[in-house]
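Colleague: The structure's right below; bear with me while I get my questions together.
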Amino acid sequence: MPEVDYGEVRVTEHRGHDDLLSAGLGLAGLAGAPLPFTDPLDPGAEELRRRAIQASWKGIADLGPLGGYGTVYGAVPDVPGREYSAFARIPGARAPHRVLLQLPDNFDRQKRCLVVTASSGSRGVYGAISLAGAWGLPHGCAVAYTDKGTGTGYFDFADNSGVALDGRRARKGEAALEFQPMPGPPVSGIAIKHMHSGDNPEAAWGRHVIQAAQFGLAMLDRAYPEEAPFTPQNTKIIATGISNGGGAVLQAAGLDHDGFFAGVVALEPNVHVKDRGRALYDYATEAAIWLPCALSAEQFAGVPMARGPRGAALPAWPIRCASLRAQGKLSGNTLAQQSEQARDYLRARGWTDEAMSTAATTTAFDLWRVVAAGYASSYLRRGAGDMPCGFHYAAIGAGGAPGVADATTRAAWWADGSGIPPGNGIGLYGGVNVSTDPTLIGSECLRALWTGEDHEAQALHAAVAETAARLPRADLPLWVLHGASDGLLPTAFSSEPYVEWLRDEGRRPIYWKVPHAQHFDAFLALPGFGERHVPLLPYGYAALERLWGHLYEGEAWPVDVPTPAARPRGAAALDRGMLGLP
């Protein structure tokens, strides 16, 4: 495999009141409110890093008082060490991906171990720290991260500023930037790397992961020159990721035919298999149109966030039923009839009631439309001022209208952002009309890019096809874990087709479809969620422990492991027995 191409490397020390895993915050600090910046207009690199690590933890893990993190599973020990960061580049890519190696002082040079991971969602480079860092660093492993061409290096055309290597804002020409789009006027709004780089980064996620691992090996050479070279032959490389990061490590596994990886553990992966399952863009655009109506059905009356304060469906959802009825897509004359017909439509398309139930939160947050608008722009390689269906990102101004970001909000974007607005003072605009159902027109436009036959639809299908996973090597230890209640990436569309394909091709992956687990552990702190579900992270840690035993302690790699008999925690705090780990 070709070596990684990277420029300047930034090296920082993290000891004393700072560390690699929590930036000195510890578990209580990670769960608490963000620490204020000394100078909100110009926060320091250390402060930004601390906030970025905290935001990444809180965005993925359930750190709530009943969730059990740090008592039932997981821990946040103090891990002193060094960080090496750089901007790496896939050959031919317009934008770099950020890579980072965390090297603990307790790196085990007798059991050379490098964990490599990719961020979940569209998050920044620390996006998988609660999985890969929390497990790998205490084991004495170095941990290599990539933002896989996504991240929070937002570029603001209003002042031509982006994000430098240390996370601080810098104007174009002042420093190398994480993302620098093609020039545009100040009114172009805000450009997001995942959406506007022109690279379709998802198609290269596997290469990003491999480059991050190669960067990690090169930094180990730099840290321990007397023991170099560090190679896949003398350093075991473990790939793990969650959500989009899980899909990224499975893409990487399909590129490894020479024993580069020692093992792969993927949690709730966004994985696409050619001619099997369904691509995220397909079911997200479908969900954006149909789920608001389907979730008005009485079947979902007790589902968190599916009802308003008096038990009625959220106001916009019956309106969606009426819109679909007016278009002739539904024939019922009452809300009950229409919502049941919408539910039946989705069930016929592979949705289960379990997936739809937990998708109520995603639907209430308007995430389907948000995801589809951004991914359409990425797949069609559009710029900030040329997104499909009239969408664009801009700072939220007076009265919610597009405006100019205030300097304090802009300065914190790299630390606080999720990589896919809206959020942190940035809004998604366009794709609406003046009607009782204003977002339907944009959602239908996005859907037509999947169902249509024009040149744009053909281009989008071609871009999605580029993201399909390839077959991993036959002897690769591979474990896939997914929540049975996942409503964002339903197992029927993602993990199950992937695992079935592998088995049809003679591979022997371990697959856990964990009962009562859903997509967002962080949502378990919301009312009604923790009572119904279990977190997924402890199962990922357990799978990594089994892989460790196989690689370093001579344990046989299991042919199969019984799926955990998990049960919801109810109103009480989580205890170990509820996880049902074998």
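Just so we're on the same page: first chain in the structure tokens is A, next is B, and so on; residues restart at 1 for each chain, and ligands are numbered from 1 in the order they show up.
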For range 494-511 of chain A, list every protein, DNA or RNA residue within 9 Å, evaluated using only C-alpha atoms, and leave out those in the same chain fewer than 2 positions away; present the list as an NGL selection string.
Modeller: :A and (268-273 or 276-280 or 469 or 471-482 or 489-492 or 513 or 558-561 or 563)
Colleague: Tell me, as a PyMOL selection string, which residues lie within 9 Å of Pro186 in chain A, counting only C-alpha atoms; anything in the same chain fewer than 5 positions away does not count.
Modeller: chain A and resi 156-160
Colleague: Store the residues picked out above, limited to N, CA and C atoms, as an mmCIF file, in the first residue's frame.
Modeller:
data_model
loop_
_atom_site.group_PDB
_atom_site.id
_atom_site.type_symbol
_atom_site.label_atom_id
_atom_site.label_comp_id
_atom_site.auth_asym_id
_atom_site.auth_seq_id
_atom_site.Cartn_x
_atom_site.Cartn_y
_atom_site.Cartn_z
ATOM 1 N N ASP A 156 -15.940 29.970 6.652
ATOM 2 C CA ASP A 156 -16.930 31.049 6.628
ATOM 3 C C ASP A 156 -16.531 32.061 5.558
ATOM 4 N N PHE A 157 -17.341 32.172 4.526
ATOM 5 C CA PHE A 157 -17.035 33.120 3.447
ATOM 6 C C PHE A 157 -17.141 34.569 3.908
ATOM 7 N N ALA A 158 -17.856 34.814 5.022
ATOM 8 C CA ALA A 158 -18.030 36.189 5.481
ATOM 9 C C ALA A 158 -16.700 36.838 5.827
ATOM 10 N N ASP A 159 -15.765 36.052 6.362
ATOM 11 C CA ASP A 159 -14.447 36.621 6.676
ATOM 12 C C ASP A 159 -13.312 35.771 6.097
ATOM 13 N N ASN A 160 -13.654 34.848 5.185
ATOM 14 C CA ASN A 160 -12.652 33.990 4.539
ATOM 15 C C ASN A 160 -11.777 33.275 5.567
#
Colleague: Residues of range 184-289 of chain A within 12 Å of range 58-73 of chain A: nearest atom pair and distance (Å, one decimal) for each, counting only C-alpha atoms, sorted by chain and number, as JSON lines?
Modeller:
{"residue": "A:Gly241", "atom": "CA", "partner": "A:Ile60", "partner_atom": "CA", "distance": 11.7}
{"residue": "A:Ile242", "atom": "CA", "partner": "A:Ile60", "partner_atom": "CA", "distance": 9.2}
{"residue": "A:Ser243", "atom": "CA", "partner": "A:Ile60", "partner_atom": "CA", "distance": 10.1}
{"residue": "A:Gly245", "atom": "CA", "partner": "A:Ile60", "partner_atom": "CA", "distance": 12.0}
Colleague: Please save C-alpha atoms of the selected residues as a PDB file, in the first residue's frame.
Modeller:
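So result-v2.pdb came out as:
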ATOM      1  CA  GLY A 241     -15.385   2.412  14.603  1.00  0.00           C
ATOM      2  CA  ILE A 242     -19.008   3.276  15.242  1.00  0.00           C
ATOM      3  CA  SER A 243     -21.756   4.383  12.808  1.00  0.00           C
ATOM      4  CA  GLY A 245     -16.773   5.150  11.509  1.00  0.00           C
TER       5      GLY A 245
END
Colleague: Would you please extract all strand (DSSP E or B) residues from range 22-189 of chain A, as assigned by DSSP on the backbone, and give them as number ranges by chain?
Modeller: A: 69, 73, 81-89, 97-104, 113-118, 142-146, 155-156, 161-163, 169-172, 175
Colleague: Just checking: using only C-alpha atoms, which residue out of A:Cys445, A:Leu114, A:Ala144, A:Ile289 ends up closest to Glu83 in chain A?
Modeller: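 Answer, going by the shortest atom-to-atom distance: A:Ala144.
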Colleague: For each of A:Pro535, A:Gly247, A:Gly350, A:Gly399, take the minimum atom-to-atom distance to His519 in chain A, counting only C-alpha atoms, then give the residue where this is smallest.
Modeller: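 Using only C-alpha atoms, His519 in chain A sits closest to A:Pro535.
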Colleague: Just list as a PyMOL selection string whatever in range 26-196 of chain A DSSP marks as helix (DSSP H, G or I).
Modeller: chain A and resi 26-31+45-60+129-139+186-188+193-196
Colleague: Leaving out Pro388 in chain A and any residue of its chain fewer than 3 positions from it, which residues lie within 12 Å of it when counting only C-alpha atoms, given as a PyMOL selection string?
Modeller: chain A and resi 195-196+372-385+391-392+429-431+442-449+456-457+460
Colleague: With distances taken over only C-alpha atoms, which residue among A:Ala395, A:Gly206, A:Met387, A:His533 lies nearest Thr358 in chain A?
Modeller: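 Among A:Ala395, A:Gly206, A:Met387, A:His533, it is A:His533 that comes nearest to Thr358 in chain A.
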Colleague: Hey, which bits of range 387-431 of chain A sit within 7 Å of range 118-130 of chain A, and for each residue what's the closest pair of atoms and how far apart in Å (one decimal), counting only C-alpha atoms, rows by chain and increasing number, as a Markdown table?
Modeller:
| residue | atom | partner | partner_atom | distance |
| --- | --- | --- | --- | --- |
| A:Ser418 | CA | A:Arg123 | CA | 5.0 |
| A:Gly419 | CA | A:Ser122 | CA | 4.6 |
| A:Ile420 | CA | A:Ser122 | CA | 6.0 |
Colleague: I need the residue nearest Val143 in chain A from this list: A:Ala542, A:Ile90, A:Ala239, A:Ala95. Use only C-alpha atoms for the distance.
Modeller: A:Ala239
Colleague: Which is closest to Leu30 in chain A among A:Val249, A:Ile53, A:Ala415, A:Ile396, if we use only C-alpha atoms?
Modeller: A:Ile53
Colleague: For a test of reading the model, state the distance in Å between CA of Leu101 in chain A and CA of Thr231 in chain A, rounded to one decimal.
Modeller: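 So the two atoms, CA of Leu101 in chain A and CA of Thr231 in chain A, lie 15.3 Å apart.
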Colleague: Counting only C-alpha atoms, what is within 6 Å of range 311-326 of chain A, bar same-chain residues fewer than 4 positions away, as a PyMOL selection string?
Modeller: chain A and resi 292-293+296+307+330
Colleague: Give me, as a compact mmCIF listing (two decimals) with N, CA and C atoms, in the first residue's frame, all polymer residues having an atom no more than 10 Å from Leu579 in chain A, counting only C-alpha atoms and skipping those fewer than 4 positions away in the same chain.
Modeller:
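As a result, out_38.txt now contains:
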# COMPACT_ATOMS: atom_id res chain seq x y z
N VAL A 72 -20.58 0.40 35.72
CA VAL A 72 -20.98 -0.89 35.16
C VAL A 72 -20.06 -1.29 34.01
N TYR A 73 -19.65 -0.35 33.22
CA TYR A 73 -18.76 -0.60 32.09
C TYR A 73 -17.97 0.67 31.81
N VAL A 514 -27.89 -6.74 19.00
CA VAL A 514 -28.11 -6.59 20.45
C VAL A 514 -29.54 -6.14 20.73
N PRO A 515 -30.31 -6.95 21.46
CA PRO A 515 -31.68 -6.54 21.79
C PRO A 515 -31.70 -5.22 22.57
N HIS A 516 -32.66 -4.38 22.23
CA HIS A 516 -32.94 -3.14 22.96
C HIS A 516 -31.85 -2.07 22.83
N ALA A 517 -30.85 -2.29 22.01
CA ALA A 517 -29.87 -1.24 21.75
C ALA A 517 -30.32 -0.46 20.52
N VAL A 534 -30.68 -0.28 26.07
CA VAL A 534 -29.36 -0.49 26.68
C VAL A 534 -28.32 0.21 25.81
N PRO A 535 -27.18 0.61 26.37
CA PRO A 535 -26.13 1.22 25.56
C PRO A 535 -25.42 0.17 24.70
N LEU A 536 -24.86 0.60 23.58
CA LEU A 536 -24.14 -0.32 22.70
C LEU A 536 -22.65 -0.38 23.01
N PRO A 538 -20.79 -0.89 25.68
CA PRO A 538 -20.19 -2.01 26.42
C PRO A 538 -20.00 -3.26 25.60
N TYR A 539 -20.83 -3.46 24.59
CA TYR A 539 -20.68 -4.64 23.73
C TYR A 539 -19.49 -4.48 22.79
N PRO A 564 -25.91 -11.37 23.17
CA PRO A 564 -26.25 -11.06 24.56
C PRO A 564 -27.75 -10.97 24.79
N ALA A 565 -28.18 -11.47 25.92
CA ALA A 565 -29.60 -11.42 26.30
C ALA A 565 -29.85 -10.13 27.06
N ALA A 566 -29.75 -9.01 26.37
CA ALA A 566 -29.91 -7.70 27.02
C ALA A 566 -31.36 -7.44 27.36
N ARG A 567 -31.54 -6.63 28.40
CA ARG A 567 -32.89 -6.21 28.74
C ARG A 567 -32.85 -4.74 29.17
N PRO A 568 -33.92 -3.99 28.89
CA PRO A 568 -33.92 -2.56 29.24
C PRO A 568 -33.75 -2.35 30.73
N ARG A 569 -33.19 -1.21 31.10
CA ARG A 569 -32.94 -0.97 32.52
C ARG A 569 -34.19 -0.51 33.27
N LEU A 574 -28.64 1.34 35.42
CA LEU A 574 -28.14 0.16 34.72
C LEU A 574 -27.30 -0.69 35.66
N ASP A 575 -27.49 -2.01 35.59
CA ASP A 575 -26.57 -2.91 36.28
C ASP A 575 -26.04 -3.93 35.28
Colleague: Given only C-alpha atoms as the basis, pick out the residue of A:Ala132, A:Leu524, A:Ala218, A:Ala262 nearest to Thr361 in chain A.
Modeller: A:Leu524
Colleague: Can you tell me which residues surround Asp5 in chain A at a distance of at most 10 Å, considering only C-alpha atoms, apart from same-chain residues fewer than 3 positions away, and format the answer as JSON, numbers by chain?
Modeller: {"A": [2, 86, 87, 88, 89, 90, 91, 96, 211, 214, 215]}
Colleague: So that I can check the surroundings of Gly140 in chain A, please list as number ranges by chain every protein, DNA and RNA residue that reaches within 9 Å of it, counting only C-alpha atoms and ignoring chain neighbours fewer than 4 positions away.
Modeller: A: 103-109, 111-113, 136
Colleague: Based on the selection just made, write N, CA and C atoms of those residues as a compact mmCIF listing (two decimals), in the first residue's frame.
Modeller:
# COMPACT_ATOMS: atom_id res chain seq x y z
N LEU A 103 -0.35 8.83 21.63
CA LEU A 103 0.67 7.89 22.07
C LEU A 103 0.80 7.97 23.58
N PRO A 104 0.28 6.98 24.32
CA PRO A 104 0.35 7.05 25.78
C PRO A 104 1.76 6.79 26.28
N ASP A 105 2.09 7.39 27.41
CA ASP A 105 3.40 7.13 28.01
C ASP A 105 3.57 5.65 28.37
N ASN A 106 2.45 4.97 28.60
CA ASN A 106 2.53 3.54 28.95
C ASN A 106 2.43 2.64 27.71
N PHE A 107 2.76 3.18 26.53
CA PHE A 107 2.73 2.37 25.32
C PHE A 107 3.54 1.08 25.55
N ASP A 108 2.91 -0.05 25.29
CA ASP A 108 3.52 -1.35 25.55
C ASP A 108 4.41 -1.75 24.37
N ARG A 109 5.69 -1.58 24.52
CA ARG A 109 6.61 -1.87 23.42
C ARG A 109 6.89 -3.35 23.27
N LYS A 111 4.14 -5.54 23.53
CA LYS A 111 2.93 -5.93 22.81
C LYS A 111 2.54 -4.76 21.92
N ARG A 112 3.27 -4.58 20.87
CA ARG A 112 3.04 -3.42 19.99
C ARG A 112 1.61 -3.45 19.44
N CYS A 113 0.88 -2.40 19.74
CA CYS A 113 -0.54 -2.36 19.38
C CYS A 113 -0.88 -0.96 18.88
N GLY A 136 -8.48 1.52 23.82
CA GLY A 136 -7.11 1.29 23.40
C GLY A 136 -6.06 1.89 24.31
